[in-house]
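Have a look at run-v6.cif below; it lists mmCIF, C-alpha atoms and all ligand atoms.
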```
data_upload
loop_
_atom_site.group_PDB
_atom_site.id
_atom_site.type_symbol
_atom_site.label_atom_id
_atom_site.label_comp_id
_atom_site.auth_asym_id
_atom_site.auth_seq_id
_atom_site.Cartn_x
_atom_site.Cartn_y
_atom_site.Cartn_z
ATOM 1 C CA MET M 96 -9.035 -4.602 -11.921
ATOM 2 C CA GLN M 97 -9.109 -6.074 -15.414
ATOM 3 C CA ASP M 98 -8.883 -9.808 -15.013
ATOM 4 C CA ALA M 99 -6.085 -10.872 -17.300
ATOM 5 C CA HIS M 100 -3.774 -7.924 -16.589
ATOM 6 C CA PRO M 101 -1.436 -7.225 -13.709
ATOM 7 C CA SER M 102 -2.306 -4.038 -11.844
ATOM 8 C CA ARG M 103 -1.016 -0.972 -13.670
ATOM 9 C CA THR M 104 -1.361 1.164 -10.567
ATOM 10 C CA ALA M 105 0.956 -1.290 -8.753
ATOM 11 C CA LEU M 106 3.610 -0.522 -11.382
ATOM 12 C CA ARG M 107 3.130 3.233 -11.017
ATOM 13 C CA VAL M 108 3.479 3.050 -7.260
ATOM 14 C CA ALA M 109 6.624 0.928 -7.572
ATOM 15 C CA LEU M 110 8.109 3.387 -10.087
ATOM 16 C CA ARG M 111 7.629 6.187 -7.578
ATOM 17 C CA ARG M 112 9.206 4.223 -4.734
ATOM 18 C CA ALA M 113 12.162 3.528 -7.034
ATOM 19 C CA ALA M 114 12.360 7.203 -8.069
ATOM 20 C CA HIS M 115 12.521 8.108 -4.371
ATOM 21 C CA GLN M 116 15.671 5.958 -4.007
ATOM 22 C CA LEU M 117 17.331 7.592 -7.006
ATOM 23 C CA TYR M 118 16.312 11.229 -6.997
ATOM 24 C CA ASP M 119 15.214 12.415 -3.537
ATOM 25 C CA ALA M 120 17.593 13.875 -0.956
ATOM 26 C CA GLN M 121 18.981 11.878 1.947
ATOM 27 C CA PRO M 122 17.813 10.766 4.410
ATOM 28 C CA LEU M 123 15.269 8.762 2.455
ATOM 29 C CA VAL M 124 11.852 8.344 4.029
ATOM 30 C CA LEU M 125 11.695 4.764 2.754
ATOM 31 C CA ASN M 126 15.081 3.144 2.438
ATOM 32 C CA ASP M 127 14.383 0.293 0.017
ATOM 33 C CA PRO M 128 17.403 -1.159 -1.790
ATOM 34 C CA ILE M 129 15.145 -3.612 -3.683
ATOM 35 C CA ALA M 130 12.815 -0.928 -5.098
ATOM 36 C CA VAL M 131 14.959 -0.320 -8.187
ATOM 37 C CA ALA M 132 16.163 -3.906 -8.545
ATOM 38 C CA ILE M 133 12.644 -5.367 -8.741
ATOM 39 C CA LEU M 134 11.872 -3.196 -11.787
ATOM 40 C CA GLY M 135 15.087 -4.342 -13.429
ATOM 41 C CA THR M 136 15.791 -3.654 -17.063
ATOM 42 C CA THR M 137 12.125 -4.296 -17.958
ATOM 43 C CA TYR M 138 11.044 -0.905 -16.617
ATOM 44 C CA PHE M 139 14.341 0.991 -16.894
ATOM 45 C CA GLU M 140 12.952 3.393 -19.497
ATOM 46 C CA GLU M 141 9.722 4.044 -17.534
ATOM 47 C CA LEU M 142 11.749 4.730 -14.403
ATOM 48 C CA ARG M 143 13.847 7.262 -16.315
ATOM 49 C CA ARG M 144 10.635 8.995 -17.434
ATOM 50 C CA THR M 145 8.922 8.882 -14.014
ATOM 51 C CA PRO M 146 8.007 12.452 -13.109
ATOM 52 C CA THR M 147 10.147 13.958 -10.391
ATOM 53 C CA ARG M 148 9.987 17.581 -11.528
ATOM 54 C CA PRO M 149 9.915 20.000 -8.605
ATOM 55 C CA ASP M 150 7.642 22.310 -10.650
ATOM 56 C CA ARG M 151 4.898 19.633 -10.507
ATOM 57 C CA PRO M 152 3.989 19.940 -6.812
ATOM 58 C CA PHE M 153 1.114 17.437 -6.865
ATOM 59 C CA SER M 154 3.333 14.832 -8.496
ATOM 60 C CA VAL M 155 6.016 15.327 -5.816
ATOM 61 C CA ALA M 156 3.294 15.213 -3.154
ATOM 62 C CA LEU M 157 1.946 11.937 -4.545
ATOM 63 C CA ARG M 158 5.428 10.386 -4.384
ATOM 64 C CA ALA M 159 5.735 11.663 -0.810
ATOM 65 C CA PHE M 160 2.425 10.044 0.126
ATOM 66 C CA LEU M 161 3.387 6.715 -1.451
ATOM 67 C CA VAL M 162 6.735 6.450 0.306
ATOM 68 C CA ALA M 163 5.233 7.640 3.600
ATOM 69 C CA ARG M 164 2.517 4.994 3.538
ATOM 70 C CA SER M 165 5.007 2.148 3.030
ATOM 71 C CA ARG M 166 7.227 3.562 5.762
ATOM 72 C CA TYR M 167 4.201 3.952 8.055
ATOM 73 C CA ALA M 168 3.165 0.328 7.482
ATOM 74 C CA GLU M 169 6.678 -0.845 8.375
ATOM 75 C CA ASP M 170 6.813 1.423 11.443
ATOM 76 C CA THR M 171 3.440 0.152 12.679
ATOM 77 C CA LEU M 172 4.542 -3.426 11.981
ATOM 78 C CA ALA M 173 7.555 -2.822 14.257
ATOM 79 C CA ARG M 174 5.160 -1.730 17.027
ATOM 80 C CA ALA M 175 3.012 -4.824 16.386
ATOM 81 C CA ILE M 176 5.998 -7.150 16.610
ATOM 82 C CA ALA M 177 6.927 -5.635 19.967
ATOM 83 C CA GLN M 178 3.406 -6.687 21.079
ATOM 84 C CA GLY M 179 3.829 -10.298 19.938
ATOM 85 C CA VAL M 180 2.695 -10.320 16.305
ATOM 86 C CA ALA M 181 4.329 -13.166 14.349
ATOM 87 C CA GLN M 182 2.493 -13.064 10.991
ATOM 88 C CA TYR M 183 2.372 -10.201 8.492
ATOM 89 C CA VAL M 184 -0.176 -10.238 5.681
ATOM 90 C CA LEU M 185 0.205 -7.756 2.825
ATOM 91 C CA LEU M 186 -3.198 -7.424 1.163
ATOM 92 C CA GLY M 187 -2.800 -6.276 -2.442
ATOM 93 C CA ALA M 188 0.977 -6.464 -2.113
ATOM 94 C CA GLY M 189 1.808 -5.223 -5.620
ATOM 95 C CA LEU M 190 5.566 -4.808 -5.973
ATOM 96 C CA ASP M 191 6.094 -4.206 -2.241
ATOM 97 C CA THR M 192 9.562 -5.456 -1.278
ATOM 98 C CA PHE M 193 9.278 -5.745 2.507
ATOM 99 C CA ALA M 194 9.500 -9.555 2.355
ATOM 100 C CA HIS M 195 12.920 -9.207 0.725
ATOM 101 C CA ARG M 196 14.165 -6.844 3.434
ATOM 102 C CA ASN M 197 12.418 -8.500 6.400
ATOM 103 C CA PRO M 198 14.648 -7.944 9.460
ATOM 104 C CA TYR M 199 12.533 -10.231 11.734
ATOM 105 C CA PRO M 200 13.713 -13.863 11.402
ATOM 106 C CA HIS M 201 10.563 -15.299 13.066
ATOM 107 C CA LEU M 202 8.001 -13.263 11.132
ATOM 108 C CA ARG M 203 5.973 -15.234 8.563
ATOM 109 C CA VAL M 204 4.964 -13.054 5.622
ATOM 110 C CA PHE M 205 1.947 -13.694 3.361
ATOM 111 C CA GLU M 206 1.613 -11.674 0.171
ATOM 112 C CA VAL M 207 -1.996 -11.672 -0.996
ATOM 113 C CA ASP M 208 -2.735 -10.228 -4.407
ATOM 114 C CA HIS M 209 -4.792 -10.561 -7.525
ATOM 115 C CA PRO M 210 -3.478 -13.635 -9.380
ATOM 116 C CA ALA M 211 -2.458 -11.641 -12.489
ATOM 117 C CA THR M 212 -0.460 -9.084 -10.455
ATOM 118 C CA GLN M 213 1.200 -11.758 -8.353
ATOM 119 C CA GLN M 214 2.256 -13.793 -11.364
ATOM 120 C CA TRP M 215 3.796 -10.673 -12.961
ATOM 121 C CA LYS M 216 5.650 -9.827 -9.742
ATOM 122 C CA ARG M 217 7.080 -13.338 -9.538
ATOM 123 C CA GLU M 218 8.274 -13.097 -13.125
ATOM 124 C CA LEU M 219 9.971 -9.757 -12.407
ATOM 125 C CA LEU M 220 11.700 -11.242 -9.335
ATOM 126 C CA GLU M 221 12.886 -14.178 -11.389
ATOM 127 C CA THR M 222 14.151 -11.925 -14.182
ATOM 128 C CA GLY M 223 16.042 -9.881 -11.597
ATOM 129 C CA SER M 224 17.447 -13.037 -9.932
ATOM 130 C CA LEU M 225 15.809 -12.014 -6.640
ATOM 131 C CA PRO M 226 15.135 -15.263 -4.730
ATOM 132 C CA THR M 227 11.917 -15.909 -2.789
ATOM 133 C CA PRO M 228 12.657 -15.551 0.959
ATOM 134 C CA ALA M 229 12.060 -18.761 2.942
ATOM 135 C CA ASN M 230 9.391 -17.257 5.231
ATOM 136 C CA LEU M 231 7.337 -15.683 2.409
ATOM 137 C CA THR M 232 4.154 -17.357 1.115
ATOM 138 C CA TYR M 233 2.292 -16.122 -1.966
ATOM 139 C CA VAL M 234 -1.512 -16.234 -1.799
ATOM 140 C CA PRO M 235 -3.314 -15.401 -5.054
ATOM 141 C CA VAL M 236 -6.816 -14.001 -4.314
ATOM 142 C CA ASP M 237 -9.291 -11.803 -6.155
ATOM 143 C CA PHE M 238 -10.953 -9.931 -3.242
ATOM 144 C CA GLU M 239 -14.108 -9.339 -5.283
ATOM 145 C CA ARG M 240 -14.679 -12.992 -6.156
ATOM 146 C CA GLU M 241 -12.780 -15.286 -3.812
ATOM 147 C CA SER M 242 -12.708 -15.934 -0.113
ATOM 148 C CA LEU M 243 -9.686 -14.373 1.593
ATOM 149 C CA PRO M 244 -9.952 -16.645 4.692
ATOM 150 C CA GLU M 245 -10.182 -19.833 2.611
ATOM 151 C CA GLN M 246 -7.167 -18.943 0.502
ATOM 152 C CA LEU M 247 -5.122 -17.806 3.502
ATOM 153 C CA TYR M 248 -5.906 -20.937 5.522
ATOM 154 C CA SER M 249 -5.019 -23.210 2.651
ATOM 155 C CA ALA M 250 -1.710 -21.327 2.311
ATOM 156 C CA GLY M 251 -0.835 -22.147 5.956
ATOM 157 C CA PHE M 252 -2.014 -18.965 7.732
ATOM 158 C CA ASN M 253 -2.276 -19.695 11.467
ATOM 159 C CA PRO M 254 -5.378 -18.187 13.157
ATOM 160 C CA GLN M 255 -3.841 -18.842 16.608
ATOM 161 C CA VAL M 256 -1.110 -16.244 16.074
ATOM 162 C CA PRO M 257 -1.591 -12.446 16.388
ATOM 163 C CA THR M 258 -1.272 -10.989 12.904
ATOM 164 C CA PHE M 259 -0.613 -7.595 11.411
ATOM 165 C CA PHE M 260 -2.079 -6.608 8.036
ATOM 166 C CA ALA M 261 -0.936 -3.967 5.559
ATOM 167 C CA TRP M 262 -3.580 -2.834 3.091
ATOM 168 C CA LEU M 263 -1.864 -0.121 1.088
ATOM 169 C CA GLY M 264 -3.279 1.477 -2.025
ATOM 170 C CA VAL M 265 -6.162 -0.977 -2.246
ATOM 171 C CA VAL M 266 -9.187 0.388 -0.354
ATOM 172 C CA PRO M 267 -10.163 3.067 -2.961
ATOM 173 C CA TYR M 268 -10.407 0.380 -5.668
ATOM 174 C CA LEU M 269 -12.821 -1.898 -3.799
ATOM 175 C CA THR M 270 -16.571 -2.132 -3.420
ATOM 176 C CA LEU M 271 -17.901 -1.378 0.057
ATOM 177 C CA GLU M 272 -18.917 -5.043 0.314
ATOM 178 C CA ALA M 273 -15.373 -6.305 -0.380
ATOM 179 C CA PHE M 274 -13.941 -3.724 2.062
ATOM 180 C CA ARG M 275 -16.345 -4.820 4.823
ATOM 181 C CA SER M 276 -15.743 -8.491 4.291
ATOM 182 C CA THR M 277 -11.945 -8.051 4.603
ATOM 183 C CA ILE M 278 -12.312 -5.814 7.677
ATOM 184 C CA GLY M 279 -14.608 -8.492 9.139
ATOM 185 C CA PHE M 280 -11.855 -11.081 8.722
ATOM 186 C CA ILE M 281 -9.165 -8.811 10.224
ATOM 187 C CA SER M 282 -11.339 -7.818 13.174
ATOM 188 C CA ALA M 283 -11.909 -11.492 14.053
ATOM 189 C CA ARG M 284 -8.158 -12.005 14.708
ATOM 190 C CA LEU M 285 -6.603 -12.397 18.142
ATOM 191 C CA ALA M 286 -6.018 -9.449 20.480
ATOM 192 C CA GLY M 287 -2.778 -7.686 19.578
ATOM 193 C CA SER M 288 -3.526 -7.995 15.843
ATOM 194 C CA GLY M 289 -3.938 -4.888 13.717
ATOM 195 C CA VAL M 290 -3.961 -3.284 10.305
ATOM 196 C CA SER M 291 -2.477 -0.274 8.582
ATOM 197 C CA LEU M 292 -4.131 1.143 5.493
ATOM 198 C CA ASP M 293 -4.547 4.313 3.490
ATOM 199 C CA TYR M 294 -7.795 5.776 2.274
ATOM 200 C CA VAL M 295 -8.975 8.711 0.204
ATOM 201 C CA GLN M 296 -11.513 11.354 1.206
ATOM 202 C CA PRO M 297 -14.495 11.927 -1.095
ATOM 203 C CA ARG M 298 -14.200 14.735 -3.669
ATOM 204 C CA SER M 299 -17.025 16.616 -1.940
ATOM 205 C CA ALA M 300 -14.892 16.910 1.229
ATOM 206 C CA LEU M 301 -11.996 18.609 -0.605
ATOM 207 C CA PRO M 302 -11.283 22.301 -1.234
ATOM 208 C CA PHE M 303 -11.397 23.538 -4.858
ATOM 209 C CA LEU M 304 -7.741 23.047 -5.946
ATOM 210 C CA GLU M 305 -7.651 19.597 -4.404
ATOM 211 C CA LYS M 306 -10.822 18.684 -6.291
ATOM 212 C CA LEU M 307 -8.820 19.318 -9.494
ATOM 213 C CA ALA M 308 -5.904 17.174 -8.287
ATOM 214 C CA HIS M 309 -8.400 14.469 -7.305
ATOM 215 C CA ASP M 310 -10.034 14.593 -10.775
ATOM 216 C CA SER M 311 -6.676 14.290 -12.508
ATOM 217 C CA LEU M 312 -5.620 11.273 -10.423
ATOM 218 C CA ALA M 313 -9.083 9.674 -10.705
ATOM 219 C CA ALA M 314 -8.939 10.061 -14.510
ATOM 220 C CA ARG M 315 -5.492 8.427 -14.639
ATOM 221 C CA VAL M 316 -6.446 5.389 -12.545
ATOM 222 C CA GLN M 317 -9.675 5.058 -14.554
ATOM 223 C CA LEU M 318 -7.604 5.000 -17.763
ATOM 224 C CA ALA M 319 -5.415 2.329 -16.170
ATOM 225 C CA GLY M 320 -8.592 0.216 -15.815
ATOM 226 C CA GLU M 321 -8.666 0.574 -12.004
ATOM 227 C CA PRO M 322 -11.229 3.276 -11.189
ATOM 228 C CA PHE M 323 -11.552 4.723 -7.693
ATOM 229 C CA ARG M 324 -14.787 3.462 -6.153
ATOM 230 C CA LEU M 325 -14.601 3.834 -2.401
ATOM 231 C CA PHE M 326 -14.013 6.981 -0.355
ATOM 232 C CA PHE M 327 -14.395 7.747 3.332
ATOM 233 C CA THR M 328 -14.306 10.820 5.530
ATOM 234 C CA PRO M 329 -12.479 10.260 8.859
ATOM 235 C CA PRO M 330 -15.790 9.883 10.813
ATOM 236 C CA GLU M 331 -17.095 7.416 8.194
ATOM 237 C CA ILE M 332 -14.052 5.149 8.360
ATOM 238 C CA ALA M 333 -14.017 5.419 12.167
ATOM 239 C CA ALA M 334 -17.579 4.035 12.139
ATOM 240 C CA GLU M 335 -16.513 1.151 9.842
ATOM 241 C CA LEU M 336 -13.643 0.295 12.209
ATOM 242 C CA SER M 337 -15.487 0.783 15.482
ATOM 243 C CA VAL M 338 -14.717 -2.755 16.721
ATOM 244 C CA PHE M 339 -10.996 -1.971 16.864
ATOM 245 C CA ARG M 340 -9.756 -1.030 20.330
ATOM 246 C CA ASN M 341 -7.309 1.690 19.242
ATOM 247 C CA ARG M 342 -7.101 3.705 16.066
ATOM 248 C CA GLU M 343 -4.668 6.274 14.705
ATOM 249 C CA ASP M 344 -5.770 8.318 11.680
ATOM 250 C CA LEU M 345 -3.171 10.718 10.261
ATOM 251 C CA GLY M 346 -3.732 13.619 7.865
ATOM 252 C CA SER M 347 -1.083 15.439 5.855
ATOM 253 C CA ASP M 348 -0.018 17.841 8.601
ATOM 254 C CA GLU M 349 0.730 14.979 10.971
ATOM 255 C CA ILE M 350 2.405 12.889 8.266
ATOM 256 C CA ASN M 351 4.545 15.866 7.192
ATOM 257 C CA ALA M 352 5.548 16.618 10.781
ATOM 258 C CA HIS M 353 6.461 12.983 11.350
ATOM 259 C CA TYR M 354 8.252 12.048 8.125
ATOM 260 C CA PHE M 355 9.098 15.195 6.134
ATOM 261 C CA ALA M 356 10.263 17.799 8.668
ATOM 262 C CA ASN M 357 13.619 19.524 8.038
ATOM 263 C CA ARG M 358 14.192 18.070 4.573
ATOM 264 C CA THR M 359 16.551 19.797 2.191
ATOM 265 C CA ASP M 360 14.302 18.976 -0.805
ATOM 266 C CA ASN M 361 10.615 19.846 -1.297
ATOM 267 C CA LEU M 362 9.340 16.323 -0.701
ATOM 268 C CA LYS M 363 6.162 16.568 1.381
ATOM 269 C CA LEU M 364 2.416 15.976 1.216
ATOM 270 C CA LEU M 365 -0.004 18.603 -0.026
ATOM 271 C CA GLY M 366 -3.708 18.797 0.607
ATOM 272 C CA SER M 367 -5.986 16.591 2.586
ATOM 273 C CA ALA M 368 -7.213 13.831 0.237
ATOM 274 C CA GLY M 369 -5.062 10.864 1.343
ATOM 275 C CA ARG M 370 -4.832 9.659 4.943
ATOM 276 C CA LEU M 371 -2.965 6.902 6.792
ATOM 277 C CA LEU M 372 -4.677 4.819 9.398
ATOM 278 C CA SER M 373 -3.785 2.015 11.763
ATOM 279 C CA ALA M 374 -6.206 0.092 13.977
ATOM 280 C CA TRP M 375 -5.521 -2.427 16.728
ATOM 281 C CA LEU M 376 -7.511 -5.200 18.371
HETATM 282 C C1 LIG X 401 -2.134 0.662 -6.183
HETATM 283 S S1 LIG X 401 -1.631 -1.015 -6.103
HETATM 284 C C2 LIG X 401 -0.845 -1.022 -4.516
HETATM 285 C C3 LIG X 401 0.164 -2.114 -4.397
HETATM 286 C C4 LIG X 401 0.987 -2.165 -3.115
HETATM 287 N N1 LIG X 401 0.168 -2.338 -1.931
HETATM 288 C C5 LIG X 401 1.864 -0.961 -2.994
HETATM 289 O O1 LIG X 401 1.623 -0.118 -2.119
HETATM 290 O O2 LIG X 401 2.785 -0.852 -3.792
HETATM 291 C C6 LIG X 401 -3.169 -1.856 -5.842
HETATM 292 C C7 LIG X 401 -3.028 -3.329 -5.551
HETATM 293 O O3 LIG X 401 -4.331 -3.843 -5.241
HETATM 294 C C8 LIG X 401 -4.487 -5.072 -5.896
HETATM 295 N N2 LIG X 401 -5.926 -5.285 -6.132
HETATM 296 C C9 LIG X 401 -6.819 -4.412 -6.646
HETATM 297 N N3 LIG X 401 -8.027 -4.992 -6.756
HETATM 298 C C10 LIG X 401 -7.868 -6.263 -6.290
HETATM 299 C C11 LIG X 401 -8.731 -7.359 -6.134
HETATM 300 N N4 LIG X 401 -10.015 -7.293 -6.512
HETATM 301 N N5 LIG X 401 -8.233 -8.505 -5.624
HETATM 302 C C12 LIG X 401 -6.950 -8.595 -5.258
HETATM 303 N N6 LIG X 401 -6.067 -7.581 -5.362
HETATM 304 C C13 LIG X 401 -6.530 -6.434 -5.881
HETATM 305 C C14 LIG X 401 -3.708 -4.944 -7.183
HETATM 306 O O4 LIG X 401 -3.359 -6.206 -7.762
HETATM 307 C C15 LIG X 401 -2.493 -4.151 -6.726
HETATM 308 O O5 LIG X 401 -1.463 -4.973 -6.301
#
```
Exercise: express the given structure as C-alpha cells:
Amino acid sequence: MQDAHPSRTALRVALRRAAHQLYDAQPLVLNDPIAVAILGTTYFEELRRTPTRPDRPFSVALRAFLVARSRYAEDTLARAIAQGVAQYVLLGAGLDTFAHRNPYPHLRVFEVDHPATQQWKRELLETGSLPTPANLTYVPVDFERESLPEQLYSAGFNPQVPTFFAWLGVVPYLTLEAFRSTIGFISARLAGSGVSLDYVQPRSALPFLEKLAHDSLAARVQLAGEPFRLFFTPPEIAAELSVFRNREDLGSDEINAHYFANRTDNLKLLGSAGRLLSAWL
C-alpha cells in the first residue's frame, strides 16, 4: 500500500458490495443495509458507474466472490460464537460494515487496518452520520512495519478470550513474512479461536482463460498501487496452516453450491483462482 493514501482496492470492494444491494436479485447473498450508506454521496457517481453488466462474466464473478467471502466470514463467525468466541478481529477491515450490523451484544469487535485507510473510513462514517458502535475499537496498524500484537494489546484486546479473525482481501497484498507473522499471532490464541480468509492461486496453477482474467485483475490492482505479491496453492496454504486443528478450504464449485444455487440472476463464481478458507484451533 502507498503510505499516505487509503486503500483503493478497499473502495472497489465496497463499491461491489453496494452494487450487490442495489442491482442483484433477491435473496441477496450478503444482506448489508450499511453497504450503500457508508459510501454516501462521496462515491455516488462511482457506484452508479460500477460494472454490473451481465455480458462481463468475470466482473459479475468477481462481485460474486466478494459478497460470498464477506458472507462466509460472518457465517463462520456465527459458528465460532456458538463455540464461545467473544472477540472478533477484522484484519484489513477496509469499509467492512459488520460492526454496524453486529447482532451479538457481547461480542467485542476490533477493526485493524492501515492508518490511512482507517482514517478515511472514519471520515466517511462521520459524513454519513453513522455512529461508532459502543463495542467497536479501531486499531491502526501497518502489517509490514508495526507489531500487530502490541497494537492490539494496547487497544484492549484480551488474550484470555477465544477470538475469531477475519482476514478478507488482504493476504495477496502481503509479503510472506508479514503473512507468517500474523498467522503466528492467530495460532497462539486459545483453543476455540479461528480465522477466515481468502487467498488467490498462483497464475501457473490456472487454465489459459483464467490466466487472462488473473492478468487483468493483477494489472488493475498494480495500477491502484497495491500489487498482488502472495499466492498459494491449496497444499501450500495447508502447509502454512498446519498447526490449526481443523481447516475448511472451499473452491468455486463448493462456494457456488453453497451460496449461489437456484438464483434467478447469473451471479456466481467462475474459475478457480480465488478460494475461501477457515481454520480453527
Ligand atoms: C482489498 S481491501 C479489503 C478490505 C476489506 N477486508 C473488505 O473485504 O472489504 C485490502 C485491505 O487491506 C489493507 N491493507 C493492505 N496492506 C496493509 C498493510 N500493510 N497494513 C495494514 N492493512 C493493509 C488495506 O488498508 C485494505 O483495507
Report the closest atom pair, with its distance in Å rounded to one decimal, for each residue of chain M that has an atom no farther than 8 Å from ligand LIG 401 (chain X); count only C-alpha atoms and all ligand atoms, sort by chain and then rising residue number, and write it as a Markdown table.
```
| residue | atom | partner | partner_atom | distance |
| --- | --- | --- | --- | --- |
| M:Met96 | CA | X:LIG401 | N3 | 5.3 |
| M:Pro101 | CA | X:LIG401 | O4 | 6.3 |
| M:Ser102 | CA | X:LIG401 | O4 | 4.7 |
| M:Arg103 | CA | X:LIG401 | S1 | 7.6 |
| M:Thr104 | CA | X:LIG401 | C1 | 4.5 |
| M:Ala105 | CA | X:LIG401 | S1 | 3.7 |
| M:Leu106 | CA | X:LIG401 | S1 | 7.5 |
| M:Arg107 | CA | X:LIG401 | C1 | 7.6 |
| M:Val108 | CA | X:LIG401 | O2 | 5.3 |
| M:Ala109 | CA | X:LIG401 | O2 | 5.7 |
| M:Leu161 | CA | X:LIG401 | O1 | 7.1 |
| M:Arg164 | CA | X:LIG401 | O1 | 7.7 |
| M:Ser165 | CA | X:LIG401 | O1 | 6.6 |
| M:Leu185 | CA | X:LIG401 | N1 | 7.2 |
| M:Leu186 | CA | X:LIG401 | N1 | 6.8 |
| M:Gly187 | CA | X:LIG401 | O3 | 4.0 |
| M:Ala188 | CA | X:LIG401 | N1 | 4.2 |
| M:Gly189 | CA | X:LIG401 | O5 | 3.4 |
| M:Leu190 | CA | X:LIG401 | O2 | 5.3 |
| M:Asp191 | CA | X:LIG401 | O2 | 5.0 |
| M:Val207 | CA | X:LIG401 | C12 | 7.2 |
| M:Asp208 | CA | X:LIG401 | N6 | 4.4 |
| M:His209 | CA | X:LIG401 | C12 | 3.7 |
| M:Pro210 | CA | X:LIG401 | C12 | 7.4 |
| M:Ala211 | CA | X:LIG401 | O4 | 7.3 |
| M:Thr212 | CA | X:LIG401 | O4 | 4.9 |
| M:Gln213 | CA | X:LIG401 | O4 | 7.2 |
| M:Pro235 | CA | X:LIG401 | C12 | 7.7 |
| M:Val236 | CA | X:LIG401 | C12 | 5.5 |
| M:Asp237 | CA | X:LIG401 | N5 | 3.5 |
| M:Phe238 | CA | X:LIG401 | N5 | 3.9 |
| M:Glu239 | CA | X:LIG401 | N4 | 4.7 |
| M:Arg240 | CA | X:LIG401 | N4 | 7.4 |
| M:Ala261 | CA | X:LIG401 | N1 | 7.7 |
| M:Trp262 | CA | X:LIG401 | N1 | 6.3 |
| M:Leu263 | CA | X:LIG401 | N1 | 4.3 |
| M:Gly264 | CA | X:LIG401 | C2 | 4.3 |
| M:Val265 | CA | X:LIG401 | O3 | 4.5 |
| M:Tyr268 | CA | X:LIG401 | N3 | 6.0 |
| M:Leu269 | CA | X:LIG401 | N3 | 6.4 |
| M:Glu321 | CA | X:LIG401 | C9 | 7.5 |
```
Chain and number of each residue from the PyMOL selection byres (((chain M and resi 300) around 12) and not hetatm), as a JSON list (two decimals) with C-alpha atoms, keeping the file's coordinate frame:
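Saved file part-v8.json follows:
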```
[["chain", "number", "residue", "atom", "x", "y", "z"],
["M", 295, "VAL", "CA", -8.98, 8.71, 0.20],
["M", 296, "GLN", "CA", -11.51, 11.35, 1.21],
["M", 297, "PRO", "CA", -14.50, 11.93, -1.10],
["M", 298, "ARG", "CA", -14.20, 14.74, -3.67],
["M", 299, "SER", "CA", -17.02, 16.62, -1.94],
["M", 301, "LEU", "CA", -12.00, 18.61, -0.60],
["M", 302, "PRO", "CA", -11.28, 22.30, -1.23],
["M", 303, "PHE", "CA", -11.40, 23.54, -4.86],
["M", 304, "LEU", "CA", -7.74, 23.05, -5.95],
["M", 305, "GLU", "CA", -7.65, 19.60, -4.40],
["M", 306, "LYS", "CA", -10.82, 18.68, -6.29],
["M", 309, "HIS", "CA", -8.40, 14.47, -7.30],
["M", 326, "PHE", "CA", -14.01, 6.98, -0.36],
["M", 327, "PHE", "CA", -14.40, 7.75, 3.33],
["M", 328, "THR", "CA", -14.31, 10.82, 5.53],
["M", 329, "PRO", "CA", -12.48, 10.26, 8.86],
["M", 330, "PRO", "CA", -15.79, 9.88, 10.81],
["M", 331, "GLU", "CA", -17.10, 7.42, 8.19],
["M", 366, "GLY", "CA", -3.71, 18.80, 0.61],
["M", 367, "SER", "CA", -5.99, 16.59, 2.59],
["M", 368, "ALA", "CA", -7.21, 13.83, 0.24],
["M", 369, "GLY", "CA", -5.06, 10.86, 1.34]]
```
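Using the PyMOL selection byres (((chain M and resi 374) around 9) and not hetatm) on this structure selects Ser288, Gly289, Val290, Ser291, Leu292, Leu336, Phe339, Arg340, Asn341, Arg342, Glu343, Asp344, Leu372, Ser373, Trp375 and Leu376 of chain M.
For the atom pair formed by CA of Leu117 (chain M) and CA of Ala313 (chain M), the distance is 26.8 Å, given to one decimal.
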- Message: When the PyMOL selection byres (((chain M and resi 173) around 12) and not hetatm) is applied to the structure above, which residues does it catch, written out as number ranges by chain?
- Response: M: 166-172, 174-183, 197-199, 202, 259, 289, 291
- Message: Just to confirm, what's the straight-line distance from CA of Arg284 (chain M) to CA of Val256 (chain M) in Å (one decimal)?
- Response: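 Here the two named atoms are 8.3 Å from each other.
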Grab all the atoms of region 125-132 of chain M that the file lists, wrap them in a box along x, y and z, add 8 Å per side, and give me centre plus edge lengths in Å (one decimal) as JSON.
```
{"center_x": 14.5, "center_y": 0.4, "center_z": -2.9, "size_x": 21.7, "size_y": 24.7, "size_z": 27.3}
```
